[in-house]
Structures are given as C-alpha cells and as structure tokens.
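Peer 1: Provided herewith: run_37.cif, mmCIF, C-alpha atoms.
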```
data_protein
#
loop_
_atom_site.label_atom_id
_atom_site.label_comp_id
_atom_site.auth_asym_id
_atom_site.auth_seq_id
_atom_site.Cartn_x
_atom_site.Cartn_y
_atom_site.Cartn_z
CA MET A 2 90.21 174.37 6.41
CA ARG A 3 87.45 172.06 5.30
CA ASP A 4 90.05 169.55 4.09
CA PHE A 5 91.79 169.67 7.45
CA LYS A 6 88.58 168.92 9.28
CA TRP A 7 87.93 166.03 6.98
CA ILE A 8 91.35 164.55 7.70
CA ILE A 9 90.82 164.82 11.46
CA LYS A 10 87.49 163.09 11.09
CA LEU A 11 89.01 160.27 9.09
CA PHE A 12 91.84 159.93 11.57
CA THR A 13 89.41 159.78 14.50
CA PHE A 14 87.35 157.18 12.68
CA PHE A 15 90.34 154.87 12.29
CA VAL A 16 91.62 155.43 15.82
CA ILE A 17 88.23 154.37 17.18
CA LEU A 18 88.14 151.43 14.78
CA ILE A 19 91.55 150.21 15.94
CA ALA A 20 90.50 150.67 19.57
CA ILE A 21 87.43 148.53 18.92
CA PHE A 22 89.55 145.86 17.22
CA VAL A 23 92.02 145.78 20.08
CA GLY A 24 89.23 145.65 22.66
CA VAL A 25 87.38 142.82 20.94
CA SER A 26 90.68 141.00 20.32
CA ASN A 27 91.63 141.11 23.97
CA LYS A 28 88.24 139.82 25.02
CA MET A 29 88.42 136.98 22.51
CA GLU A 30 91.94 136.06 23.60
CA THR A 31 90.96 135.95 27.24
CA VAL A 32 88.06 133.62 26.44
CA LEU A 33 90.29 131.37 24.30
CA ILE A 34 93.07 131.18 26.88
CA GLU A 35 90.52 130.17 29.52
CA ASN A 36 88.87 127.55 27.36
CA ASP A 37 91.11 126.08 24.70
CA ASN A 38 88.33 123.74 23.56
CA LEU A 39 87.21 126.72 21.50
CA VAL A 40 90.57 126.89 19.72
CA GLN A 41 91.09 124.90 16.57
CA SER A 42 93.73 122.22 16.78
CA ARG A 43 96.39 124.09 14.84
CA ASN A 44 96.46 127.13 17.12
CA LYS A 45 96.09 125.39 20.46
CA SER A 46 99.70 125.90 21.55
CA LEU A 47 99.39 129.65 20.95
CA PHE A 48 96.83 129.89 23.71
CA ARG A 49 97.85 126.96 25.87
CA ILE A 50 101.38 128.25 26.38
CA LEU A 51 99.85 131.40 27.88
CA ARG A 52 98.05 129.25 30.44
CA GLU A 53 101.27 127.82 31.84
CA PRO A 54 102.37 129.45 35.12
CA GLU A 55 104.68 132.38 34.41
CA GLU A 56 108.40 131.67 34.12
CA SER A 57 107.83 127.93 34.56
CA ILE A 58 108.98 126.65 31.17
CA ASP A 59 112.71 126.21 30.49
CA MET A 60 112.58 125.03 26.93
CA ILE A 61 110.32 125.97 24.03
CA VAL A 62 110.11 123.87 20.88
CA LEU A 63 109.11 125.58 17.65
CA GLY A 64 108.37 124.15 14.23
CA ASP A 65 105.82 122.46 12.01
CA SER A 66 104.16 119.09 12.54
CA LEU A 67 107.53 117.32 12.57
CA CYS A 68 108.38 118.89 15.92
CA TYR A 69 105.21 117.88 17.70
CA ALA A 70 105.30 114.41 16.22
CA ALA A 71 108.85 113.90 17.52
CA ILE A 72 109.23 115.59 20.90
CA SER A 73 107.24 114.68 23.98
CA PRO A 74 107.70 117.10 26.89
CA MET A 75 106.31 114.50 29.30
CA VAL A 76 109.19 112.15 28.49
CA LEU A 77 111.73 114.97 28.99
CA TRP A 78 110.10 115.64 32.34
CA LYS A 79 110.10 112.03 33.40
CA ASN A 80 113.72 111.41 32.40
CA HIS A 81 115.36 114.66 33.38
CA GLY A 82 112.88 116.99 35.08
CA ILE A 83 113.12 119.39 32.14
CA ALA A 84 110.06 121.64 31.84
CA SER A 85 109.47 122.06 28.13
CA TYR A 86 106.59 123.02 25.87
CA VAL A 87 106.03 122.16 22.21
CA CYS A 88 104.69 125.19 20.35
CA GLY A 89 104.33 123.49 16.99
CA GLN A 90 101.64 124.08 14.39
CA SER A 91 100.83 121.99 11.35
CA GLY A 92 102.61 123.55 8.39
CA GLN A 93 103.94 126.36 10.57
CA LYS A 94 105.39 129.11 8.45
CA ILE A 95 108.58 130.86 9.48
CA GLN A 96 106.60 134.03 10.18
CA GLU A 97 104.37 132.05 12.52
CA THR A 98 107.42 130.53 14.16
CA TYR A 99 108.66 134.01 14.98
CA HIS A 100 105.34 135.27 16.30
CA MET A 101 104.84 132.05 18.28
CA LEU A 102 108.16 132.71 19.97
CA GLU A 103 107.09 136.29 20.70
CA THR A 104 103.89 134.97 22.26
CA ALA A 105 105.70 132.39 24.37
CA LEU A 106 108.19 134.98 25.60
CA GLU A 107 105.37 137.17 26.86
CA THR A 108 105.01 135.00 29.95
CA GLN A 109 107.98 132.64 29.87
CA SER A 110 111.75 133.10 30.16
CA PRO A 111 113.07 129.86 28.69
CA LYS A 112 116.76 129.03 28.69
CA LEU A 113 116.62 127.22 25.39
CA VAL A 114 114.61 127.40 22.18
CA VAL A 115 114.69 124.34 19.95
CA LEU A 116 113.78 125.07 16.35
CA GLU A 117 112.83 122.16 14.11
CA THR A 118 114.58 122.96 10.83
CA ASN A 119 111.85 121.90 8.39
CA VAL A 120 110.30 125.37 8.70
CA MET A 121 113.43 126.71 7.02
CA PHE A 122 112.42 125.08 3.75
CA GLY A 123 108.81 126.07 3.55
CA GLY A 124 106.98 129.18 2.58
CA LYS A 125 106.67 131.21 -0.53
CA SER A 126 108.94 133.81 -2.05
CA GLY A 127 108.62 137.33 -3.41
CA LEU A 128 105.37 139.24 -3.16
CA GLU A 129 103.43 136.26 -1.84
CA SER A 130 105.76 135.90 1.10
CA LEU A 131 105.45 139.61 1.83
CA MET A 132 101.68 139.14 1.95
CA GLU A 133 102.16 136.19 4.31
CA SER A 134 104.36 138.30 6.54
CA ILE A 135 101.82 141.11 6.70
CA LYS A 136 99.04 138.63 7.40
CA GLU A 137 100.88 136.96 10.24
CA TRP A 138 101.89 140.33 11.68
CA ARG A 139 98.23 141.32 11.63
CA ASN A 140 97.12 138.02 13.20
CA HIS A 141 99.65 138.46 15.97
CA TYR A 142 99.00 142.05 16.88
CA ILE A 143 95.24 142.19 16.16
CA PRO A 144 94.15 138.66 17.09
CA ILE A 145 90.52 139.29 16.10
CA PHE A 146 91.61 138.23 12.62
CA ARG A 147 92.94 134.95 13.91
CA CYS A 148 90.18 134.19 16.40
CA HIS A 149 87.20 135.51 14.48
CA ASP A 150 85.57 132.10 14.05
CA ILE A 151 85.01 131.91 17.80
CA TRP A 152 81.41 133.04 17.14
CA LYS A 153 80.60 129.54 15.91
CA SER A 154 81.31 128.13 19.35
CA PHE A 155 78.59 130.34 20.79
CA PHE A 156 76.19 129.80 17.94
CA ILE A 157 76.21 126.04 17.49
CA GLU A 158 78.50 125.05 20.34
CA LYS A 159 81.23 123.99 17.98
CA GLN A 160 84.17 122.86 20.07
CA TYR A 161 87.52 121.26 19.45
CA PRO A 162 88.50 119.21 22.51
CA GLU A 163 91.77 117.38 22.16
CA GLU A 164 94.20 115.40 24.23
CA ASN A 165 97.25 117.54 24.82
CA TYR A 166 100.39 116.97 26.89
CA LYS A 167 102.28 120.26 26.76
CA GLY A 168 101.85 120.41 23.00
CA PHE A 169 102.24 116.68 22.35
CA ALA A 170 99.51 114.17 21.53
CA PHE A 171 99.52 110.40 21.03
CA ARG A 172 99.84 109.34 17.41
CA CYS A 173 99.68 105.58 17.32
CA THR A 174 99.30 104.56 13.67
CA VAL A 175 102.13 102.54 12.17
CA GLN A 176 102.81 102.86 8.46
CA PRO A 177 106.38 101.77 7.78
CA TYR A 178 108.79 103.68 5.58
CA GLU A 179 110.30 101.26 3.09
CA LYS A 180 112.30 103.27 0.59
CA GLY A 181 115.66 102.87 2.31
CA GLU A 182 118.56 105.25 2.81
CA TYR A 183 117.68 108.89 2.19
CA MET A 184 120.67 110.83 3.45
CA GLN A 185 123.04 110.28 0.52
CA GLU A 186 126.07 112.47 0.90
CA THR A 187 126.42 115.29 -1.58
CA GLU A 188 127.94 118.77 -1.77
CA GLN A 189 124.74 120.30 -3.15
CA ARG A 190 122.50 122.56 -1.16
CA GLU A 191 118.87 123.53 -1.15
CA ASP A 192 118.41 127.28 -1.03
CA MET A 193 116.31 128.95 1.62
CA THR A 194 114.17 131.90 0.65
CA ASP A 195 115.14 135.44 1.67
CA THR A 196 112.05 135.57 3.86
CA VAL A 197 113.20 132.50 5.78
CA ILE A 198 116.67 133.96 6.29
CA SER A 199 115.37 137.33 7.42
CA TYR A 200 112.91 135.73 9.87
CA MET A 201 115.57 133.34 11.14
CA GLU A 202 117.70 136.37 11.91
CA LYS A 203 114.78 137.99 13.70
CA ILE A 204 114.35 134.83 15.77
CA GLU A 205 118.05 134.85 16.63
CA GLU A 206 117.87 138.51 17.52
CA LEU A 207 114.93 137.91 19.83
CA CYS A 208 116.75 135.02 21.50
CA ARG A 209 119.86 137.15 22.00
CA GLU A 210 117.79 139.95 23.46
CA LYS A 211 116.14 137.63 25.96
CA ASN A 212 119.32 135.70 26.61
CA VAL A 213 117.93 132.42 25.29
CA LYS A 214 120.08 129.82 23.54
CA LEU A 215 118.91 128.56 20.16
CA LEU A 216 119.34 124.99 18.94
CA LEU A 217 118.53 123.90 15.40
CA LEU A 218 117.14 120.38 15.35
CA GLY A 219 116.37 118.09 12.43
CA THR A 220 114.05 115.28 13.51
CA PRO A 221 114.02 112.01 11.54
CA SER A 222 111.83 112.26 8.44
CA PRO A 223 112.77 110.65 5.12
CA ILE A 224 110.09 112.59 3.23
CA ASN A 225 111.24 116.01 4.44
CA TYR A 226 114.98 115.67 4.80
CA ASN A 227 117.93 114.95 2.57
CA TYR A 228 121.60 115.80 2.49
CA ARG A 229 121.06 118.98 0.49
CA ARG A 230 118.90 120.41 3.25
CA HIS A 231 121.38 119.19 5.84
CA ASN A 232 124.18 121.07 4.05
CA SER A 233 122.20 124.30 3.94
CA VAL A 234 121.29 124.22 7.61
CA ARG A 235 124.83 123.24 8.57
CA THR A 236 126.25 126.19 6.62
CA TYR A 237 123.67 128.53 8.15
CA ALA A 238 124.40 127.25 11.66
CA THR A 239 128.16 127.65 11.21
CA GLU A 240 127.82 131.17 9.82
CA HIS A 241 125.59 132.18 12.72
CA SER A 242 127.44 130.21 15.40
CA LEU A 243 124.40 128.11 16.29
CA ASN A 244 124.29 124.54 17.53
CA TYR A 245 122.82 122.13 15.00
CA LEU A 246 121.75 118.58 15.68
CA ASP A 247 120.51 116.58 12.70
CA LEU A 248 119.05 113.31 13.91
CA ASN A 249 118.59 112.12 10.34
CA LEU A 250 122.33 111.39 10.43
CA LYS A 251 122.10 109.65 13.79
CA LEU A 252 119.28 107.20 13.15
CA GLY A 253 121.33 104.31 14.55
CA GLU A 254 122.14 106.12 17.78
CA VAL A 255 118.56 107.27 18.20
CA GLY A 256 117.41 103.73 17.47
CA ILE A 257 114.86 104.57 14.80
CA ASP A 258 113.36 101.50 13.16
CA TRP A 259 111.35 102.57 10.13
CA LYS A 260 109.19 99.46 10.41
CA THR A 261 107.76 100.53 13.74
CA ASP A 262 108.42 104.23 14.22
CA SER A 263 106.80 105.90 11.23
CA LEU A 264 103.28 107.24 11.32
CA ASP A 265 102.72 107.75 7.62
CA LYS A 266 105.40 106.17 5.46
CA GLY A 267 108.28 108.40 6.44
CA ASP A 268 106.64 111.78 6.86
CA HIS A 269 106.01 111.99 10.62
CA LEU A 270 107.08 109.87 13.57
CA ASN A 271 104.54 108.02 15.68
CA LEU A 272 104.50 107.61 19.45
CA SER A 273 107.22 104.96 19.40
CA GLY A 274 109.48 107.14 17.22
CA ALA A 275 108.77 110.21 19.33
CA HIS A 276 109.83 108.42 22.49
CA LYS A 277 113.11 107.34 20.91
CA VAL A 278 113.87 110.84 19.65
CA THR A 279 112.93 112.44 22.98
CA ASN A 280 115.04 109.97 24.95
CA TYR A 281 118.03 110.77 22.76
CA LEU A 282 117.36 114.52 22.81
CA GLY A 283 117.08 114.49 26.61
CA GLU A 284 120.55 112.99 26.98
CA TYR A 285 121.92 115.50 24.47
CA LEU A 286 120.31 118.45 26.28
CA LYS A 287 121.60 117.23 29.61
CA SER A 288 125.17 117.13 28.32
CA GLU A 289 125.12 120.34 26.25
CA TYR A 290 122.88 122.72 28.18
CA GLU A 291 122.35 123.54 31.79
CA LEU A 292 118.63 122.98 32.08
CA PRO A 293 117.39 122.69 35.66
CA ASP A 294 115.88 119.50 37.04
CA HIS A 295 112.60 120.55 38.65
CA HIS A 296 111.68 117.15 40.08
CA GLY A 297 110.37 117.41 43.59
CA GLU A 298 109.71 121.15 43.47
CA VAL A 299 106.34 122.14 44.92
CA SER A 300 105.44 124.42 42.02
CA TYR A 301 105.81 121.52 39.59
CA THR A 302 103.60 118.93 41.29
CA ALA A 303 101.07 119.29 38.47
CA TRP A 304 103.71 117.97 36.07
CA ASP A 305 104.15 114.82 38.16
CA LYS A 306 100.42 114.16 38.05
CA GLU A 307 100.25 114.76 34.33
CA VAL A 308 103.22 112.52 33.63
CA GLU A 309 101.64 109.72 35.63
CA GLU A 310 98.53 109.80 33.45
CA TYR A 311 100.66 110.18 30.34
CA SER A 312 102.92 107.22 31.14
CA GLN A 313 99.99 104.95 31.78
CA LYS A 314 98.32 105.82 28.48
CA ALA A 315 101.61 105.72 26.60
CA THR A 316 102.37 102.21 27.84
CA GLU A 317 98.93 100.99 26.79
CA ASN A 318 99.23 102.66 23.38
CA LEU A 319 102.71 101.26 22.76
CA LYS A 320 101.52 97.75 23.62
CA VAL A 321 98.76 98.00 21.04
CA MET A 322 101.18 99.42 18.47
CA ILE A 323 103.60 96.52 18.88
CA LYS A 324 100.79 93.99 18.37
CA LYS A 325 99.96 95.57 15.04
CA MET B 19 76.22 113.52 -14.93
CA PHE B 20 74.20 116.29 -16.44
CA GLN B 21 71.24 113.95 -16.67
CA SER B 22 71.36 113.25 -12.95
CA ILE B 23 70.47 116.88 -12.25
CA PHE B 24 66.98 115.97 -13.39
CA SER B 25 66.67 112.25 -12.68
CA ASP B 26 68.07 111.82 -9.14
CA PHE B 27 66.16 114.63 -7.55
CA GLU B 28 65.21 113.82 -4.00
CA LEU B 29 63.37 116.47 -2.05
CA GLN B 30 64.32 115.05 1.33
CA ARG B 31 67.95 115.93 0.68
CA LEU B 32 66.99 119.49 1.44
CA TRP B 33 66.52 118.70 5.10
CA ASP B 34 68.15 115.32 5.84
CA GLY B 35 71.58 116.82 6.55
CA THR B 36 73.09 116.38 3.08
CA PHE B 37 73.70 120.12 2.97
CA LEU B 38 75.94 119.89 6.01
CA THR B 39 78.35 117.61 4.16
CA PHE B 40 79.36 120.27 1.64
CA GLY B 41 81.90 121.89 3.94
CA MET B 42 79.56 124.40 5.49
CA ASP B 43 78.08 123.83 8.92
CA LYS B 44 74.81 125.01 10.37
CA ALA B 45 76.29 128.28 11.59
CA ASP B 46 77.58 129.08 8.09
CA TYR B 47 74.11 128.56 6.61
CA ILE B 48 72.60 130.81 9.26
CA ILE B 49 75.08 133.57 8.42
CA VAL B 50 74.50 133.20 4.68
CA THR B 51 70.73 133.43 5.28
CA VAL B 52 71.08 136.45 7.55
CA GLY B 53 73.36 138.06 4.94
CA CYS B 54 70.74 137.52 2.23
CA VAL B 55 68.04 139.02 4.41
CA VAL B 56 70.21 142.08 5.12
CA VAL B 57 70.94 142.55 1.41
CA ALA B 58 67.23 142.22 0.57
CA PHE B 59 66.38 144.70 3.31
CA VAL B 60 68.93 147.24 2.07
CA GLY B 61 67.64 146.71 -1.48
CA MET B 62 64.09 147.44 -0.35
CA ILE B 63 65.09 150.58 1.55
CA LYS B 64 67.01 151.87 -1.45
CA GLU B 65 64.31 151.05 -3.95
CA ARG B 66 61.62 152.83 -1.95
CA GLU B 67 64.01 155.62 -1.03
CA LEU B 68 63.01 155.29 2.61
CA LEU B 69 66.13 157.12 3.74
CA GLY B 70 65.84 159.82 1.10
CA GLU B 71 68.54 160.64 -1.40
CA ALA B 72 71.29 161.27 1.13
CA GLY B 73 70.90 157.73 2.55
CA LEU B 74 72.99 157.02 5.64
CA ARG B 75 74.78 160.33 5.29
CA LYS B 76 71.97 162.26 6.86
CA LEU B 77 72.04 160.18 10.06
CA TYR B 78 73.40 161.71 13.22
CA LEU B 79 77.19 161.14 13.18
CA PRO B 80 77.59 158.82 16.21
CA VAL B 81 74.74 156.65 14.94
CA ARG B 82 76.21 156.59 11.46
CA TRP B 83 79.66 155.65 12.75
CA ALA B 84 78.17 152.98 15.00
CA VAL B 85 76.52 151.47 11.93
CA TYR B 86 79.84 151.56 10.05
CA TYR B 87 81.75 149.95 12.92
CA GLY B 88 79.06 147.32 13.29
CA LEU B 89 79.23 146.43 9.62
CA ILE B 90 83.04 146.33 9.56
CA LEU B 91 83.10 144.09 12.65
CA ALA B 92 80.46 141.84 11.12
CA VAL B 93 82.62 141.36 8.02
CA VAL B 94 85.77 140.71 10.07
CA ILE B 95 84.08 138.30 12.47
CA PHE B 96 81.70 136.43 10.19
CA GLY B 97 83.93 136.49 7.11
CA ALA B 98 84.96 133.09 5.75
CA TYR B 99 88.74 133.37 5.92
CA GLY B 100 91.65 132.03 7.93
CA ILE B 101 91.86 128.78 9.85
CA GLY B 102 88.85 126.54 9.40
CA TYR B 103 88.14 127.92 5.96
CA GLN B 104 91.47 127.52 4.20
CA GLN B 105 92.61 124.74 1.94
CA VAL B 106 95.65 124.22 4.15
CA ASP B 107 93.38 122.38 6.56
CA LEU B 108 92.71 119.72 3.98
CA ILE B 109 96.36 119.19 3.15
CA TYR B 110 97.22 118.76 6.79
CA ALA B 111 94.05 116.87 7.66
CA GLY B 112 94.76 114.79 10.70
CA PHE B 113 97.69 116.89 11.85
#
```
Using structure tokens, write down the structure that the file contains.
Peer 2:
Amino acid sequence: MRDFKWIIKLFTFFVILIAIFVGVSNKMETVLIENDNLVQSRNKSLFRILREPEESIDMIVLGDSLCYAAISPMVLWKNHGIASYVCGQSGQKIQETYHMLETALETQSPKLVVLETNVMFGGKSGLESLMESIKEWRNHYIPIFRCHDIWKSFFIEKQYPEENYKGFAFRCTVQPYEKGEYMQETEQREDMTDTVISYMEKIEELCREKNVKLLLLGTPSPINYNYRRHNSVRTYATEHSLNYLDLNLKLGEVGIDWKTDSLDKGDHLNLSGAHKVTNYLGEYLKSEYELPDHHGEVSYTAWDKEVEEYSQKATENLKVMIKK
Amino acid sequence: MFQSIFSDFELQRLWDGTFLTFGMDKADYIIVTVGCVVVAFVGMIKERELLGEAGLRKLYLPVRWAVYYGLILAVVIFGAYGIGYQQVDLIYAGF
C-alpha cells in the first residue's frame, strides 16, 4: 500500500510538471509569434509562418539554407500571384523539416510542398540520429526547450531584428564559383540514411493525409550536388511516384552564370541567382500545378504592398551587385 | 604564451568589455553569478544544518514541490543548450 501511494505521488508530480511545461511553452510561443524580433534567425520561419493569415498560403518550401537562398516568394507573387512561404532553416535536419511542415499545416492548407533535396543527405546515423529525433520531437511538442533563451530578451533586451520577405532575405555578395562542371554523369549513388528515408516517408504520409502535393527540388549548388546525389533522389522519387526537378541539370535553361550568381563560391546562390531560379520555378509551377493567382484579391493587398517595397530594394541591390 | 599569463596582465580588462568577447554576454554572466550565489547559499545552509537533518524533506509538500518545480524550470530556461549556444551556429555563421 505504501508503494502504491508513492507511485501515485510520483505520477502526480510529473503530471503537474508537464502541465507547467506546456503552460510556459504556450506563453513563450505566443510572445514569440507576436514579436519575432525575439526569435533567433534560424527559427524565424517557425514562428513567422504562424503569423500569416489562416489558409492564405498555397505553397510551402522546406529545406536547409539552399532553399531560402534560391527561392523568393515575392518574385513568385509578382510573376504569377502565387502565395508561397519559405520555411527554411540553416542546416535544417530532416526531423526539423518534418516538424516544420507539421507547424505550417497547423494554420495553412497549402496545395503544394516543395522540398529542397539537400536535407536528404544530411544528418547522422544510428544512435545519434535517434537522439536527434527525440530532441526535435521534444522541441516541437514542448517548445520551452526550443524557446528557453527568450529570457535574455527581457534581461538585456537582446533582439534579433532581420529583414524578411516571407522567409527570404537579400543576399548580395558575389563570390564566383570557378571549378567548372560538377554534374558528371555516373551510375553511382550516394546512400541516404535510414532516418532520412523514414522521415521522408512521414513527410509524404502527412502530405497525403492533408491532400498536399510534394515536389522534390534540387537548387543549383556545385558544392552540395553531384550526379550521385541526383541518381539517389531520382530513384527515390520514381519509387515513391513523386515529381523531381533538379535544376543542377538545367543550369542553361535557368540561366545561371557562376560568375555573378554565387554567394560563396558555389555553396549558396545570391540575390541574382535566386531571382533566376525563382523565375524558372514559377514557370514550371504554372505549367505543372494548379496554383491559384491571387492578384487583385482584397485579402492579399498586403502582399502587393510588400512586393512593391521588395522590388524597389531588389532593383537597387542588383544594380550594386552588377557594378561589383 | 605561458609567460604572457604573468607579463601582459592588465587590470582594466576586467571591466572594459573584454569579457563580453568570449562568447558569453552580460545576461550569461549574471546567471553564472546568480548560480554561484545560490550554490554558496545552499552550502552555507547545509554546513550550519539550518534545515536540520531532513533538509527539504520536512517542508510542507506543496512548498517542497514548488521549490522542485522552480529549480527544474530554472535549469530548463537558463541552461546553456540549444540554438545560440551550439557550435552549429558557428558553422553556419551568416546564414
């Protein structure tokens, strides 16, 4: 009997503890959604996407830094009236990709999810990846662990303001890539870890459940892509009946010039590269998917204002970049 | 290098902001200081047996649990882990 009482006590203790965690987490999240200056750069999209009006976004982009260096939602809006949001994070892990999608789907019902394929080749394997998975699960469901450093903002007013256009920011440095052709044809493949495959399947499952189409996209990056990776993704896409667009094989059509479009010697694209990729992607999306054109709709007037400011700054930035 | 420990000693470095360039900001130093004070305080209480032999266990249960929850929350919130503390930030500096 004494043992039983002890167990009940322990159980109660943990129930109250979890309740406290959830309560504090919710409070923190509300504060961070309201003021994203308190959110560190890497996690901004996690909170900013929740600020978008419900059911207003038709396309979500997921992936690591390659995705937010290559896709500019403002350009997609300007060209085609597509309402998209880039939910990228630097070095996003596949577990984070999945939870980011879960977060986005809380308030949005997109028609298309674009997944930048570089996340399929990251991450650890074995026990370490299991730890990562648990950690990201914890961060997602008990956000106090993710947001805990918010106390600094109240203590010393530490803030992280940043320019942000639906997940995209101007990156205007030009450091050419000069090592030449990087997509040499081969039959070899680069293996993906089991964790990546299992999370990819979870992402697919989630998309199926919510009736969202999934597109795998490789954005131009000589440092991160090669034909072995292309083969792996192509095989995966075929096996799972997914669309796959690898722009590394379409550099000519996209119009990438490595002298002007690389930010850091072939790792990420800069503003000029991003515009080329987004222009190309927009045409592709228009022909392959039925994404609505929201131009002129009253509920999207804020987009028109934002794009005006964006275009003006983009033009100025591009002028300066060309001079360099 | 070893020699410089003794020769290049400048007292003003203790307050001219040099300490803030080591990767810890003001808030971190405050927390470390508060932590030290708490540890010293607990040490004093234990040494003088101010709470008796049973320590916290003899406190009224809600009070005792409140103390536990407070301490757990303090560790979770003020702990140096996750974004802002990890090495990954350095690798992706600028992104």
Peer 1: Counting all atoms listed in the file, which of B:Tyr78, B:Trp83, B:Tyr47, B:Phe59 gets nearest to chain A?
Peer 2: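 So, comparing all the options, the nearest one is B:Trp83.
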Peer 1: I need the residue set behind the PyMOL selection byres ((chain A) within 8 of (chain B)) for this file; please write it as a count of residues only.
Peer 2: 16
Peer 1: Given the PyMOL selection byres ((chain A and resi 99) around 12) and the file above, list the residues it selects as an NGL selection string.
Peer 2: :A and (47 or 62-64 or 88-89 or 93-98 or 100-106 or 114 or 116 or 120-121 or 134 or 137-138 or 141 or 196-208)
Peer 1: Taking the file above as input, evaluate the PyMOL selection byres ((chain A and resi 219) around 6) and report the hits as a list in words.
Peer 2: Glu117, Thr118, Leu218, Thr220, Asp247 and Leu248 of chain A
Peer 1: Expressed in Å to a single decimal, how great is the separation between CA of Cys68 in chain A and CA of Val87 in chain A?
Peer 2: 7.5 Å
Peer 1: Between CA of Glu191 in chain A and CA of Ala238 in chain A, what distance in Å does the model show, to one decimal?
Peer 2: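 Straight-line distance from CA of Glu191 in chain A to CA of Ala238 in chain A works out to 14.4 Å.
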Peer 1: In Å, how far is it from CA of Cys148 in chain A to CA of Leu39 in chain A?
Peer 2: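 If I compute the distance from CA of Cys148 in chain A to CA of Leu39 in chain A, I get 9.5 Å.
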Peer 1: What's the 6 Å shell around range 73-83 of chain A, counting all atoms listed in the file, without same-chain residues fewer than 2 positions away, as a VMD selection string?
Peer 2: chain A and resid 85 169 283 294 to 296 308
